[in-house]
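K.L.:
Structure provided below as C-alpha cells; questions to follow.
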2 protein chains.
Amino acid sequence: MTAQKTGSTDASDHLVEEFRAFLGKEGLKATRQRDLIVRVFADCKDHIGVEDLVQLVKQQDAAVGYATVYRTLKLLVQAGLASVRHFGDGFARFEPRHEEHHDHMICEKCGTIAEFHNEKIEELQEEVVRSRGWTLRRHRHELYGLCPNCR
Amino acid sequence: MTAQKTGSTDASDHLVEEFRAFLGKEGLKATRQRDLIVRVFADCKDHIGVEDLVQLVKQQDAAVGYATVYRTLKLLVQAGLASVRHFGDGFARFEPRHEEHHDHMICEKCGTIAEFHNEKIEELQEEVVRSRGWTLRRHRHELYGLCPNCR
DNA sequence: TTTAGTGCAAAATGTTTGCACCTCT
DNA sequence: AGAGGTGCAAACATTTTGCACTAAA
C-alpha cells in the first residue's frame with residue numbers, strides 16, 4: 001500500500017467507511033485523496049474552514065488541491081455525513097454530522113465557537129412553525145456574544 | 001430642486017431624516033443618491049438583496065452604481081437604521097431596523113420569508129447563554145421549511 | 001477499458017476599493 | 001475651496017468549472 005495513514009483514529013476510520021459506502025452506492029469511486037480528506041476532516045476540530053482543512057491535508061499530501069477538497073466536502077454533505085455553516089465571516093465552515101443536533105454560540109471577540117442544545121427551544125420552534133401552517137425542515141440558531149474569557 | 005421624489009411616503013421620509021441626522025453628526029454629507037437609495041430602501045419589502053435594490057433605484061436614476069448602494073447600505077447599518085442578514089444563498093439581504101425584534105422563517109421551495117417572534121424562546125436563549133457564563137449580544141434564529149402554499 | 005476523479009488555471013459570484021472627477025457644505 | 005462622494009473598472013475572496021491527464025472499477 002502506498003497511501004499514508006498518519007493520524008488515523010477510530011472516528012476517522014468510521015467516517016471513511018461510511019463515506020466509501022455512500023460512494024459505492026452512488027456509483028462513485030473511492031480514491032486516495034478522498035480517503036485522506038475525510039480522515040483529516042474527521043479528526044480535526046469542528047467548524048473548520050476550507051482553508052484550514054486544505055492546510056492540514058497538504059501536510060500529508062502536498063499535491064491535493066483546493067478543488068478536490070471542495071468537491072469532497074460537497075459530497076460529504078450530500079451523503080449526510082457533514083454539514084455546512086455560514087457564520088457571516090465570508091467563508092463556509094464544515095463539521096462532521098453529530099448524532100445529536102446542536103446549535104452554536106460564537107464569541108464575537110475571540111471567535112470561540114461552543115455548542116448548545118435546549119430541547120424546550122426545539123419544541124417552541126416546532127410550535128411556532130406549525131401554528132402558522134408551515135412545515136419545519138431545518139433551522140439555524142446562533143447566539144453571538146462574549147465567552148467567559150472575554151467578558 | 002432637481003432631485004425627484006417619486007414614491008415618497010411617511011416611512012421613507014422618516015428614514016431619510018434619521019439618516020441625514022446621522023450623516024451630519026458624523027461629518028458626512030447628504031447627497032441626492034443617498035436620499036434616493038434610502039427612500040427606495042424604506043419603501044420596498046423587507047429582506048431585499050442589493051441586486052434588487054439597485055434595480056429599483058435605477059428606475060429612478062439609472063446613473064447610480066452598485067458601489068454607491070453598497071456604501072450607503074453599509075452606512076445605514078453603521079447608523080443602526082438597517083440590519084444585514086445572510087440566509088446562506090450567497091448574498092446579503094437588508095431590512096430597515098424595526099422597533100421590535102423578530103426572527104425569520106424561510107420557505108425552501110418558493111423563497112418566501114416570514115417573520116416570527118416568540119418571547120419564550122428569547123428568554124430561553126438568555127438562560128442558555130447565562131448558565132454557561134457567556135454574555136448574549138445578538139442572535140440569529142432562522143427556521144427553514146415549507147410555507148402553507150408549498151406543502 | 002470505461003467511467004469518474006484530479007489538479008491546475010480560468011471563470012464566476014458577491015462585495016470592496018483605487019482613482020479621476022464631481023458635489024455638498 | 002476643501003472634505004467627502006460618485007461611478008467606473010479593477011481588485012478581492014471564496015467557490016465553481018472546463019479541460020487534459022490519471023486512476024479506480
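To be explicit about the labels: the chains of the C-alpha cells are called A, B, and onward in the order shown, and within each one the residues are counted from 1, while ligands get numbers from 1 in the order they are shown.
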Please determine the contact residues of chain A with respect to chain B at a cut-off of 7 Å, counting only C-alpha atoms, and supply them as a PDB file with all heavy atoms, in the first residue's frame.

P.N.:
```pdb
ATOM      1  N   HIS A  86     -22.615  28.842   7.764  1.00  0.00           N
ATOM      2  CA  HIS A  86     -22.073  30.146   7.370  1.00  0.00           C
ATOM      3  C   HIS A  86     -22.249  31.065   8.559  1.00  0.00           C
ATOM      4  O   HIS A  86     -23.379  31.366   8.931  1.00  0.00           O
ATOM      5  CB  HIS A  86     -22.828  30.693   6.165  1.00  0.00           C
ATOM      6  CG  HIS A  86     -22.649  29.869   4.932  1.00  0.00           C
ATOM      7  ND1 HIS A  86     -21.719  30.188   3.968  1.00  0.00           N
ATOM      8  CD2 HIS A  86     -23.242  28.735   4.522  1.00  0.00           C
ATOM      9  CE1 HIS A  86     -21.771  29.282   3.001  1.00  0.00           C
ATOM     10  NE2 HIS A  86     -22.693  28.389   3.307  1.00  0.00           N
ATOM     11  N   GLY A  88     -21.245  34.140   8.729  1.00  0.00           N
ATOM     12  CA  GLY A  88     -21.263  35.535   8.354  1.00  0.00           C
ATOM     13  C   GLY A  88     -19.893  36.167   8.213  1.00  0.00           C
ATOM     14  O   GLY A  88     -19.770  37.354   7.963  1.00  0.00           O
ATOM     15  N   ILE A 121     -36.415  24.843  23.522  1.00  0.00           N
ATOM     16  CA  ILE A 121     -36.378  25.751  22.377  1.00  0.00           C
ATOM     17  C   ILE A 121     -36.772  25.013  21.104  1.00  0.00           C
ATOM     18  O   ILE A 121     -37.537  25.524  20.288  1.00  0.00           O
ATOM     19  CB  ILE A 121     -34.965  26.378  22.214  1.00  0.00           C
ATOM     20  CG1 ILE A 121     -34.665  27.313  23.387  1.00  0.00           C
ATOM     21  CG2 ILE A 121     -34.875  27.137  20.893  1.00  0.00           C
ATOM     22  CD1 ILE A 121     -33.284  27.958  23.329  1.00  0.00           C
ATOM     23  N   LEU A 124     -40.483  24.728  21.005  1.00  0.00           N
ATOM     24  CA  LEU A 124     -41.143  26.006  20.726  1.00  0.00           C
ATOM     25  C   LEU A 124     -41.042  26.374  19.249  1.00  0.00           C
ATOM     26  O   LEU A 124     -41.973  26.921  18.664  1.00  0.00           O
ATOM     27  CB  LEU A 124     -40.550  27.105  21.603  1.00  0.00           C
ATOM     28  CG  LEU A 124     -40.977  27.036  23.065  1.00  0.00           C
ATOM     29  CD1 LEU A 124     -40.099  27.926  23.935  1.00  0.00           C
ATOM     30  CD2 LEU A 124     -42.448  27.457  23.212  1.00  0.00           C
ATOM     31  N   GLY A 133     -48.946  27.186   9.975  1.00  0.00           N
ATOM     32  CA  GLY A 133     -49.252  26.364   8.812  1.00  0.00           C
ATOM     33  C   GLY A 133     -48.029  25.981   7.990  1.00  0.00           C
ATOM     34  O   GLY A 133     -48.129  25.553   6.849  1.00  0.00           O
ATOM     35  N   TRP A 134     -46.844  26.161   8.576  1.00  0.00           N
ATOM     36  CA  TRP A 134     -45.623  25.786   7.864  1.00  0.00           C
ATOM     37  C   TRP A 134     -45.159  24.401   8.301  1.00  0.00           C
ATOM     38  O   TRP A 134     -45.687  23.835   9.263  1.00  0.00           O
ATOM     39  CB  TRP A 134     -44.491  26.771   8.170  1.00  0.00           C
ATOM     40  CG  TRP A 134     -44.633  28.133   7.560  1.00  0.00           C
ATOM     41  CD1 TRP A 134     -45.713  28.959   7.631  1.00  0.00           C
ATOM     42  CD2 TRP A 134     -43.635  28.835   6.803  1.00  0.00           C
ATOM     43  NE1 TRP A 134     -45.445  30.135   6.969  1.00  0.00           N
ATOM     44  CE2 TRP A 134     -44.185  30.091   6.451  1.00  0.00           C
ATOM     45  CE3 TRP A 134     -42.331  28.532   6.394  1.00  0.00           C
ATOM     46  CZ2 TRP A 134     -43.466  31.035   5.706  1.00  0.00           C
ATOM     47  CZ3 TRP A 134     -41.623  29.468   5.661  1.00  0.00           C
ATOM     48  CH2 TRP A 134     -42.190  30.703   5.307  1.00  0.00           C
ATOM     49  N   THR A 135     -44.155  23.884   7.588  1.00  0.00           N
ATOM     50  CA  THR A 135     -43.506  22.645   7.980  1.00  0.00           C
ATOM     51  C   THR A 135     -42.040  22.966   8.217  1.00  0.00           C
ATOM     52  O   THR A 135     -41.423  23.633   7.393  1.00  0.00           O
ATOM     53  CB  THR A 135     -43.579  21.606   6.835  1.00  0.00           C
ATOM     54  OG1 THR A 135     -44.936  21.461   6.445  1.00  0.00           O
ATOM     55  CG2 THR A 135     -43.033  20.269   7.296  1.00  0.00           C
ATOM     56  N   LEU A 136     -41.499  22.498   9.314  1.00  0.00           N
ATOM     57  CA  LEU A 136     -40.097  22.775   9.635  1.00  0.00           C
ATOM     58  C   LEU A 136     -39.195  21.676   9.099  1.00  0.00           C
ATOM     59  O   LEU A 136     -39.415  20.509   9.374  1.00  0.00           O
ATOM     60  CB  LEU A 136     -39.935  22.883  11.157  1.00  0.00           C
ATOM     61  CG  LEU A 136     -38.547  23.283  11.676  1.00  0.00           C
ATOM     62  CD1 LEU A 136     -38.132  24.637  11.139  1.00  0.00           C
ATOM     63  CD2 LEU A 136     -38.544  23.303  13.202  1.00  0.00           C
ATOM     64  N   ARG A 137     -38.199  22.057   8.315  1.00  0.00           N
ATOM     65  CA  ARG A 137     -37.265  21.054   7.817  1.00  0.00           C
ATOM     66  C   ARG A 137     -35.913  21.146   8.521  1.00  0.00           C
ATOM     67  O   ARG A 137     -35.255  20.162   8.770  1.00  0.00           O
ATOM     68  CB  ARG A 137     -37.069  21.195   6.307  1.00  0.00           C
ATOM     69  CG  ARG A 137     -38.378  20.947   5.547  1.00  0.00           C
ATOM     70  CD  ARG A 137     -38.158  20.213   4.237  1.00  0.00           C
ATOM     71  NE  ARG A 137     -37.579  21.064   3.204  1.00  0.00           N
ATOM     72  CZ  ARG A 137     -37.787  20.863   1.900  1.00  0.00           C
ATOM     73  NH1 ARG A 137     -38.561  19.881   1.477  1.00  0.00           N
ATOM     74  NH2 ARG A 137     -37.215  21.643   1.010  1.00  0.00           N
ATOM     75  N   ARG A 138     -35.491  22.366   8.789  1.00  0.00           N
ATOM     76  CA  ARG A 138     -34.224  22.530   9.493  1.00  0.00           C
ATOM     77  C   ARG A 138     -34.207  23.930  10.067  1.00  0.00           C
ATOM     78  O   ARG A 138     -35.075  24.745   9.752  1.00  0.00           O
ATOM     79  CB  ARG A 138     -33.038  22.331   8.543  1.00  0.00           C
ATOM     80  CG  ARG A 138     -33.012  23.317   7.420  1.00  0.00           C
ATOM     81  CD  ARG A 138     -32.021  22.920   6.338  1.00  0.00           C
ATOM     82  NE  ARG A 138     -32.057  23.902   5.256  1.00  0.00           N
ATOM     83  CZ  ARG A 138     -31.376  25.047   5.259  1.00  0.00           C
ATOM     84  NH1 ARG A 138     -30.575  25.339   6.265  1.00  0.00           N
ATOM     85  NH2 ARG A 138     -31.470  25.896   4.258  1.00  0.00           N
ATOM     86  N   HIS A 139     -33.213  24.223  10.875  1.00  0.00           N
ATOM     87  CA  HIS A 139     -33.153  25.574  11.402  1.00  0.00           C
ATOM     88  C   HIS A 139     -31.710  25.951  11.680  1.00  0.00           C
ATOM     89  O   HIS A 139     -30.803  25.120  11.633  1.00  0.00           O
ATOM     90  CB  HIS A 139     -33.962  25.684  12.695  1.00  0.00           C
ATOM     91  CG  HIS A 139     -33.343  24.969  13.846  1.00  0.00           C
ATOM     92  ND1 HIS A 139     -33.617  23.660  14.134  1.00  0.00           N
ATOM     93  CD2 HIS A 139     -32.449  25.367  14.774  1.00  0.00           C
ATOM     94  CE1 HIS A 139     -32.927  23.285  15.196  1.00  0.00           C
ATOM     95  NE2 HIS A 139     -32.202  24.297  15.598  1.00  0.00           N
ATOM     96  N   ARG A 140     -31.545  27.220  11.916  1.00  0.00           N
ATOM     97  CA  ARG A 140     -30.224  27.713  12.274  1.00  0.00           C
ATOM     98  C   ARG A 140     -30.422  28.644  13.456  1.00  0.00           C
ATOM     99  O   ARG A 140     -31.227  29.570  13.404  1.00  0.00           O
ATOM    100  CB  ARG A 140     -29.641  28.486  11.102  1.00  0.00           C
ATOM    101  CG  ARG A 140     -28.348  29.181  11.454  1.00  0.00           C
ATOM    102  CD  ARG A 140     -27.538  29.406  10.237  1.00  0.00           C
ATOM    103  NE  ARG A 140     -28.075  30.496   9.427  1.00  0.00           N
ATOM    104  CZ  ARG A 140     -27.465  30.956   8.350  1.00  0.00           C
ATOM    105  NH1 ARG A 140     -26.347  30.407   7.936  1.00  0.00           N
ATOM    106  NH2 ARG A 140     -27.985  31.943   7.674  1.00  0.00           N
ATOM    107  N   HIS A 141     -29.720  28.365  14.513  1.00  0.00           N
ATOM    108  CA  HIS A 141     -29.880  29.179  15.708  1.00  0.00           C
ATOM    109  C   HIS A 141     -28.502  29.476  16.264  1.00  0.00           C
ATOM    110  O   HIS A 141     -27.813  28.582  16.748  1.00  0.00           O
ATOM    111  CB  HIS A 141     -30.717  28.395  16.744  1.00  0.00           C
ATOM    112  CG  HIS A 141     -31.268  29.269  17.824  1.00  0.00           C
ATOM    113  ND1 HIS A 141     -32.066  28.793  18.826  1.00  0.00           N
ATOM    114  CD2 HIS A 141     -31.131  30.587  18.051  1.00  0.00           C
ATOM    115  CE1 HIS A 141     -32.395  29.786  19.638  1.00  0.00           C
ATOM    116  NE2 HIS A 141     -31.838  30.883  19.188  1.00  0.00           N
ATOM    117  N   GLU A 142     -28.098  30.724  16.160  1.00  0.00           N
ATOM    118  CA  GLU A 142     -26.760  31.091  16.610  1.00  0.00           C
ATOM    119  C   GLU A 142     -26.827  32.242  17.606  1.00  0.00           C
ATOM    120  O   GLU A 142     -27.525  33.224  17.368  1.00  0.00           O
ATOM    121  CB  GLU A 142     -25.901  31.499  15.407  1.00  0.00           C
ATOM    122  CG  GLU A 142     -25.593  30.313  14.503  1.00  0.00           C
ATOM    123  CD  GLU A 142     -25.447  30.716  13.043  1.00  0.00           C
ATOM    124  OE1 GLU A 142     -25.205  31.903  12.783  1.00  0.00           O
ATOM    125  OE2 GLU A 142     -25.592  29.829  12.178  1.00  0.00           O
ATOM    126  N   LEU A 143     -26.090  32.087  18.682  1.00  0.00           N
ATOM    127  CA  LEU A 143     -26.052  33.116  19.713  1.00  0.00           C
ATOM    128  C   LEU A 143     -24.681  33.781  19.682  1.00  0.00           C
ATOM    129  O   LEU A 143     -23.665  33.114  19.855  1.00  0.00           O
ATOM    130  CB  LEU A 143     -26.297  32.491  21.087  1.00  0.00           C
ATOM    131  CG  LEU A 143     -27.553  31.608  21.173  1.00  0.00           C
ATOM    132  CD1 LEU A 143     -27.710  31.041  22.580  1.00  0.00           C
ATOM    133  CD2 LEU A 143     -28.790  32.395  20.765  1.00  0.00           C
ATOM    134  N   TYR A 144     -24.652  35.077  19.434  1.00  0.00           N
ATOM    135  CA  TYR A 144     -23.393  35.803  19.362  1.00  0.00           C
ATOM    136  C   TYR A 144     -23.228  36.639  20.626  1.00  0.00           C
ATOM    137  O   TYR A 144     -24.160  37.310  21.053  1.00  0.00           O
ATOM    138  CB  TYR A 144     -23.371  36.710  18.136  1.00  0.00           C
ATOM    139  CG  TYR A 144     -23.410  35.957  16.826  1.00  0.00           C
ATOM    140  CD1 TYR A 144     -24.615  35.514  16.286  1.00  0.00           C
ATOM    141  CD2 TYR A 144     -22.228  35.653  16.152  1.00  0.00           C
ATOM    142  CE1 TYR A 144     -24.646  34.800  15.087  1.00  0.00           C
ATOM    143  CE2 TYR A 144     -22.253  34.952  14.956  1.00  0.00           C
ATOM    144  CZ  TYR A 144     -23.467  34.522  14.428  1.00  0.00           C
ATOM    145  OH  TYR A 144     -23.487  33.824  13.251  1.00  0.00           O
ATOM    146  N   GLY A 145     -22.060  36.594  21.199  1.00  0.00           N
ATOM    147  CA  GLY A 145     -21.832  37.361  22.414  1.00  0.00           C
ATOM    148  C   GLY A 145     -20.395  37.236  22.866  1.00  0.00           C
ATOM    149  O   GLY A 145     -19.491  37.169  22.039  1.00  0.00           O
ATOM    150  N   LEU A 146     -20.208  37.200  24.175  1.00  0.00           N
ATOM    151  CA  LEU A 146     -18.855  37.106  24.713  1.00  0.00           C
ATOM    152  C   LEU A 146     -18.729  35.862  25.580  1.00  0.00           C
ATOM    153  O   LEU A 146     -19.583  35.597  26.419  1.00  0.00           O
ATOM    154  CB  LEU A 146     -18.548  38.349  25.553  1.00  0.00           C
ATOM    155  CG  LEU A 146     -18.561  39.665  24.795  1.00  0.00           C
ATOM    156  CD1 LEU A 146     -18.332  40.841  25.757  1.00  0.00           C
ATOM    157  CD2 LEU A 146     -17.488  39.671  23.700  1.00  0.00           C
ATOM    158  N   CYS A 147     -17.630  35.143  25.385  1.00  0.00           N
ATOM    159  CA  CYS A 147     -17.393  33.947  26.181  1.00  0.00           C
ATOM    160  C   CYS A 147     -16.838  34.366  27.537  1.00  0.00           C
ATOM    161  O   CYS A 147     -16.424  35.515  27.712  1.00  0.00           O
ATOM    162  CB  CYS A 147     -16.432  33.013  25.464  1.00  0.00           C
ATOM    163  SG  CYS A 147     -14.742  33.602  25.451  1.00  0.00           S
ATOM    164  N   PRO A 148     -16.827  33.457  28.504  1.00  0.00           N
ATOM    165  CA  PRO A 148     -16.367  33.782  29.852  1.00  0.00           C
ATOM    166  C   PRO A 148     -14.999  34.472  29.862  1.00  0.00           C
ATOM    167  O   PRO A 148     -14.789  35.420  30.616  1.00  0.00           O
ATOM    168  CB  PRO A 148     -16.298  32.416  30.522  1.00  0.00           C
ATOM    169  CG  PRO A 148     -17.359  31.630  29.844  1.00  0.00           C
ATOM    170  CD  PRO A 148     -17.302  32.067  28.413  1.00  0.00           C
TER     171      PRO A 148
END
```

K.L.:
Would you mind listing, for every residue of chain C within 10 Å of chain A, the two atoms forming the shortest contact and the distance between them in Å to one decimal, using only C-alpha atoms (C1' of nucleotides), sorted by chain and ascending residue number, as CSV?

P.N.:
```
residue,atom,partner,partner_atom,distance
C:DT3,C1',A:Leu28,CA,9.2
C:DA4,C1',A:Lys29,CA,6.8
C:DG5,C1',A:Lys29,CA,7.8
C:DT6,C1',A:Thr68,CA,7.0
C:DG7,C1',A:Gly65,CA,6.2
C:DC8,C1',A:Gly65,CA,8.5
```

K.L.:
Please identify all residues of chain D having at least one atom at most 8 Å from any atom of chain A, considering only C-alpha atoms (C1' of nucleotides), and return them as a ChimeraX atom specification.

P.N.:
/D:14-15,24-25
